[in-house]
Amino acid sequence: MTFRQRLDRRWPAGWPVRPFGEPRWAAQPPTFAECSPAVIADAVKRAEARQSGNWYVLAASRQVRPDRPFGRSIGGRELVAWRTRCGEVRAGPGVCPHLGAPLAEARLDCDELVCRWHGLRVGGGPRAGWSPVPVFDDGVLVWTRLDELGGEPPTARPAVPPRPQQSGSVDAVATVTGVCEPADVVANRLDPWHGAWFHPYSFARLKVLEAPLGTDVEDRFLVEVTFRLAGRWGVPVVAEFFCPGPRTVVMRIVDGEGVGSVVETHATPLGVGVDGRARTAVIEAVVAVSERAGFAVVRKAAGALRPLIRRTAERLWRDDLAYAERRYSLRTADPR
């Protein structure tokens with residue numbers, strides 16, 4: 001028995017961080033035989049068939065502030081959002097109905113937008129050429145409902161995935177943009193087999209325990225994985241992946257440290273760029289929770305932790321967007 005094996009056997013079961021052994025990167029067990037393209041494609045199709053009520057994730061809740069407007073295009077529609085002094089979120093078209101000025105650059109006054117070009121005021125309700133759009137703030141993310149874009153029967157509120165209570169958790173939201181469509185982002189997330197190969201700096205000893213087969217209604221992937229902290233020290237967990245909507249994939253820890261913690265990946269279509277290719281915003285919310293007493297201290301340091309969590313998510317998505325963009329490029333290539 002090696003020293004590492006003896007250390008592993010004697011390691012206290014209740015400690016979340018554990019030493020682990022692993023082969024070198026090229027010697028780890030290949031996963032291509034398990035990673036069926038048909039399983040991923042079928043799961044993506046079932047996700048796309050689910051109803052969203054025409055709701056799209058617009059931004060992180062913290063990005064929508066009472067001191068300045070926030071602008072983003074969804075499906076080629078320019079939008080602007082802001083928060084009133086009472087905390088209410090409002091949103092509407094981002095184009096001034098007078099001469100087309102960008103309302104994302106407007107000034108806020110008495111909870112309304114004042115256009116910087118000619119002083120037109122909007123936001124209190126419908127005005128000639130301008131009407132607010134439905135919005136929903138779930139405390140972590142701001143959603144907007146665009147019925148013309150979605151084309152589905154509208155719902156009063158979005159189907160927010162179950163997540164830990166905000167009062168007892170730490171949350172952070174990262175946003176990156178790629179040249180792809182939402183389906184390519186969803187396909188990336190519904191391929192857990194690539195984790196230890198494509199992200200060896202973050203994941204090790206990854207094994208897919210369950211995957212949806214045939215006509216499974218639920219696209220649940222169950223994965224055993226070690227989140228690498230440094231070197232050969234990491235946190236082993238079991239996590240599930242599932243799609244509650246057409247543009248959302250949720251990873252939830254179901255066993256190990258941080259049970260109940262979730263990572264929500266939302267793919268918001270931005271529209272078409274000047275090159276004629278699609279753009280998609282990946283808006284990823286991490287909501288972490290723990291039953292350990294020391295987590296109360298972690299929560300007090302949430303402000304300092306959020307940038308670290310965002311940078312970690314953005315690093316992963318630098319690689320994963322390369323995956324999604326490559327998939328999009330192959331799908332849309334001219335067959336000639």
# chains A, B, ... in the order shown; residues from 1 in each chain; ligands from 1
$ residues_around --residues "segment 42-44 of chain A" --least-positions-apart "4" --cutoff "12 Å" --atoms "only C-alpha atoms" --output "number ranges by chain"
A: 36-38, 48-50, 182-191, 211-221, 241-249
$ write_last_selection --atoms "N, CA and C atoms" --output "tab-separated table (two decimals), in the first residue's frame"
chain	number	residue	atom	x	y	z
A	36	SER	N	-22.25	9.57	-25.83
A	36	SER	CA	-22.99	9.34	-27.07
A	36	SER	C	-23.51	10.66	-27.63
A	37	PRO	N	-23.14	11.02	-28.87
A	37	PRO	CA	-23.70	12.24	-29.47
A	37	PRO	C	-25.22	12.22	-29.52
A	38	ALA	N	-25.82	11.02	-29.69
A	38	ALA	CA	-27.27	10.92	-29.76
A	38	ALA	C	-27.91	11.25	-28.42
A	48	GLU	N	-35.24	22.07	-25.56
A	48	GLU	CA	-35.78	23.12	-26.43
A	48	GLU	C	-37.30	23.05	-26.53
A	49	ALA	N	-37.87	21.88	-26.33
A	49	ALA	CA	-39.32	21.72	-26.43
A	49	ALA	C	-40.05	22.19	-25.17
A	50	ARG	N	-39.33	22.45	-24.09
A	50	ARG	CA	-39.97	22.90	-22.86
A	50	ARG	C	-40.37	24.36	-22.98
A	182	PRO	N	-28.15	29.56	-28.12
A	182	PRO	CA	-28.39	28.94	-26.82
A	182	PRO	C	-28.27	27.41	-26.84
A	183	ALA	N	-28.70	26.76	-27.93
A	183	ALA	CA	-28.63	25.30	-28.00
A	183	ALA	C	-27.21	24.80	-27.87
A	184	ASP	N	-26.23	25.56	-28.35
A	184	ASP	CA	-24.83	25.15	-28.26
A	184	ASP	C	-24.33	25.23	-26.82
A	185	VAL	N	-24.81	26.21	-26.08
A	185	VAL	CA	-24.45	26.32	-24.67
A	185	VAL	C	-25.07	25.18	-23.88
A	186	VAL	N	-26.35	24.89	-24.16
A	186	VAL	CA	-27.03	23.79	-23.47
A	186	VAL	C	-26.34	22.46	-23.78
A	187	ALA	N	-25.95	22.25	-25.03
A	187	ALA	CA	-25.27	21.01	-25.41
A	187	ALA	C	-23.95	20.85	-24.66
A	188	ASN	N	-23.24	21.95	-24.47
A	188	ASN	CA	-22.00	21.88	-23.71
A	188	ASN	C	-22.25	21.40	-22.29
A	189	ARG	N	-23.27	21.97	-21.65
A	189	ARG	CA	-23.56	21.61	-20.27
A	189	ARG	C	-24.13	20.19	-20.15
A	190	LEU	N	-24.75	19.69	-21.20
A	190	LEU	CA	-25.29	18.33	-21.16
A	190	LEU	C	-24.27	17.30	-21.65
A	191	ASP	N	-23.01	17.68	-21.64
A	191	ASP	CA	-21.89	16.77	-21.90
A	191	ASP	C	-20.95	16.80	-20.70
A	211	ALA	N	-27.14	8.67	-17.04
A	211	ALA	CA	-27.43	9.57	-18.16
A	211	ALA	C	-28.79	9.20	-18.71
A	212	PRO	N	-29.56	10.17	-19.22
A	212	PRO	CA	-30.89	9.86	-19.77
A	212	PRO	C	-30.77	9.00	-21.02
A	213	LEU	N	-31.65	8.04	-21.13
A	213	LEU	CA	-31.63	7.13	-22.26
A	213	LEU	C	-32.97	7.15	-22.99
A	214	GLY	N	-32.90	6.97	-24.28
A	214	GLY	CA	-34.12	6.85	-25.08
A	214	GLY	C	-35.01	8.06	-24.96
A	215	THR	N	-36.22	7.84	-24.49
A	215	THR	CA	-37.22	8.91	-24.41
A	215	THR	C	-37.42	9.41	-22.98
A	216	ASP	N	-36.38	9.33	-22.14
A	216	ASP	CA	-36.49	9.85	-20.78
A	216	ASP	C	-37.03	11.27	-20.80
A	217	VAL	N	-38.03	11.51	-19.97
A	217	VAL	CA	-38.63	12.85	-19.91
A	217	VAL	C	-37.68	13.82	-19.22
A	218	GLU	N	-37.03	13.36	-18.18
A	218	GLU	CA	-36.12	14.21	-17.42
A	218	GLU	C	-34.69	14.01	-17.91
A	219	ASP	N	-34.02	15.11	-18.21
A	219	ASP	CA	-32.63	15.03	-18.67
A	219	ASP	C	-31.70	15.14	-17.48
A	220	ARG	N	-31.67	14.08	-16.69
A	220	ARG	CA	-30.84	14.09	-15.48
A	220	ARG	C	-29.56	13.30	-15.71
A	221	PHE	N	-28.46	14.01	-15.56
A	221	PHE	CA	-27.15	13.38	-15.58
A	221	PHE	C	-26.63	13.39	-14.14
A	241	PHE	N	-27.23	17.13	-13.18
A	241	PHE	CA	-27.46	18.15	-14.19
A	241	PHE	C	-28.84	17.92	-14.79
A	242	PHE	N	-29.62	18.99	-14.94
A	242	PHE	CA	-30.94	18.85	-15.56
A	242	PHE	C	-31.34	20.18	-16.19
A	243	CYS	N	-32.32	20.12	-17.10
A	243	CYS	CA	-32.80	21.30	-17.82
A	243	CYS	C	-34.24	21.61	-17.42
A	244	PRO	N	-34.48	22.67	-16.64
A	244	PRO	CA	-35.85	23.04	-16.32
A	244	PRO	C	-36.53	23.85	-17.40
A	245	GLY	N	-35.76	24.31	-18.39
A	245	GLY	CA	-36.33	25.13	-19.46
A	245	GLY	C	-35.48	25.01	-20.71
A	246	PRO	N	-35.87	25.69	-21.77
A	246	PRO	CA	-35.17	25.52	-23.05
A	246	PRO	C	-33.78	26.15	-23.10
A	247	ARG	N	-33.50	27.10	-22.21
A	247	ARG	CA	-32.22	27.80	-22.26
A	247	ARG	C	-31.48	27.76	-20.93
A	248	THR	N	-31.83	26.80	-20.08
A	248	THR	CA	-31.25	26.73	-18.74
A	248	THR	C	-30.79	25.32	-18.42
A	249	VAL	N	-29.58	25.21	-17.86
A	249	VAL	CA	-29.09	23.94	-17.32
A	249	VAL	C	-28.68	24.20	-15.88
$ atom_distance --atom1 "atom CA of Leu206 of chain A" --atom2 "atom CA of Val225 of chain A"
4.3 Å
$ residues_around --residues "segment 257-260 of chain A" --least-positions-apart "4" --cutoff "7 Å" --atoms "only C-alpha atoms" --output "number ranges by chain"
A: 16, 164, 237, 252-253, 288-290
$ residues_around --residues "Trp82 of chain A" --least-positions-apart "2" --cutoff "6 Å" --atoms "only C-alpha atoms" --output "list of chain:residue names"
A:Val64, A:Arg65, A:Pro69, A:Val89, A:Arg90
$ residues_around --residues "Arg85 of chain A" --least-positions-apart "4" --cutoff "9 Å" --atoms "only C-alpha atoms" --output "MDAnalysis selection string"
chainID A and resid 66:67 110:111
$ residues_around --residues "Val298 of chain A" --least-positions-apart "6" --cutoff "12 Å" --atoms "only C-alpha atoms" --output "list in words"
Gly168, Ser169, Val170, Asp171, Ala288, Val289, Ser290, Glu291, Arg292, Ala304, Leu305 and Arg306 of chain A
$ write_last_selection --atoms "N, CA and C atoms" --output "JSON list (two decimals), in the first residue's frame"
[["chain", "number", "residue", "atom", "x", "y", "z"],
["A", 168, "GLY", "N", -29.24, 32.44, 3.55],
["A", 168, "GLY", "CA", -28.26, 31.51, 4.12],
["A", 168, "GLY", "C", -27.22, 31.04, 3.12],
["A", 169, "SER", "N", -27.06, 31.76, 2.02],
["A", 169, "SER", "CA", -26.15, 31.30, 0.97],
["A", 169, "SER", "C", -25.27, 32.45, 0.48],
["A", 170, "VAL", "N", -24.33, 32.10, -0.37],
["A", 170, "VAL", "CA", -23.48, 33.08, -1.05],
["A", 170, "VAL", "C", -23.72, 32.92, -2.54],
["A", 171, "ASP", "N", -24.01, 34.01, -3.22],
["A", 171, "ASP", "CA", -24.28, 33.92, -4.66],
["A", 171, "ASP", "C", -23.39, 34.88, -5.43],
["A", 288, "ALA", "N", -24.09, 29.08, -3.44],
["A", 288, "ALA", "CA", -23.41, 28.10, -2.59],
["A", 288, "ALA", "C", -23.97, 28.12, -1.17],
["A", 289, "VAL", "N", -24.04, 26.93, -0.59],
["A", 289, "VAL", "CA", -24.56, 26.80, 0.77],
["A", 289, "VAL", "C", -23.81, 25.67, 1.46],
["A", 290, "SER", "N", -23.76, 25.72, 2.77],
["A", 290, "SER", "CA", -23.11, 24.66, 3.54],
["A", 290, "SER", "C", -23.73, 24.61, 4.93],
["A", 291, "GLU", "N", -23.79, 23.40, 5.50],
["A", 291, "GLU", "CA", -24.31, 23.24, 6.85],
["A", 291, "GLU", "C", -23.23, 23.43, 7.91],
["A", 292, "ARG", "N", -21.98, 23.61, 7.49],
["A", 292, "ARG", "CA", -20.89, 23.76, 8.45],
["A", 292, "ARG", "C", -20.98, 25.10, 9.17],
["A", 304, "ALA", "N", -16.08, 39.89, -0.79],
["A", 304, "ALA", "CA", -14.73, 39.62, -1.29],
["A", 304, "ALA", "C", -14.68, 38.34, -2.10],
["A", 305, "LEU", "N", -15.58, 37.40, -1.82],
["A", 305, "LEU", "CA", -15.58, 36.12, -2.51],
["A", 305, "LEU", "C", -16.20, 36.19, -3.90],
["A", 306, "ARG", "N", -17.18, 37.06, -4.08],
["A", 306, "ARG", "CA", -17.90, 37.09, -5.37],
["A", 306, "ARG", "C", -16.98, 37.29, -6.57]]
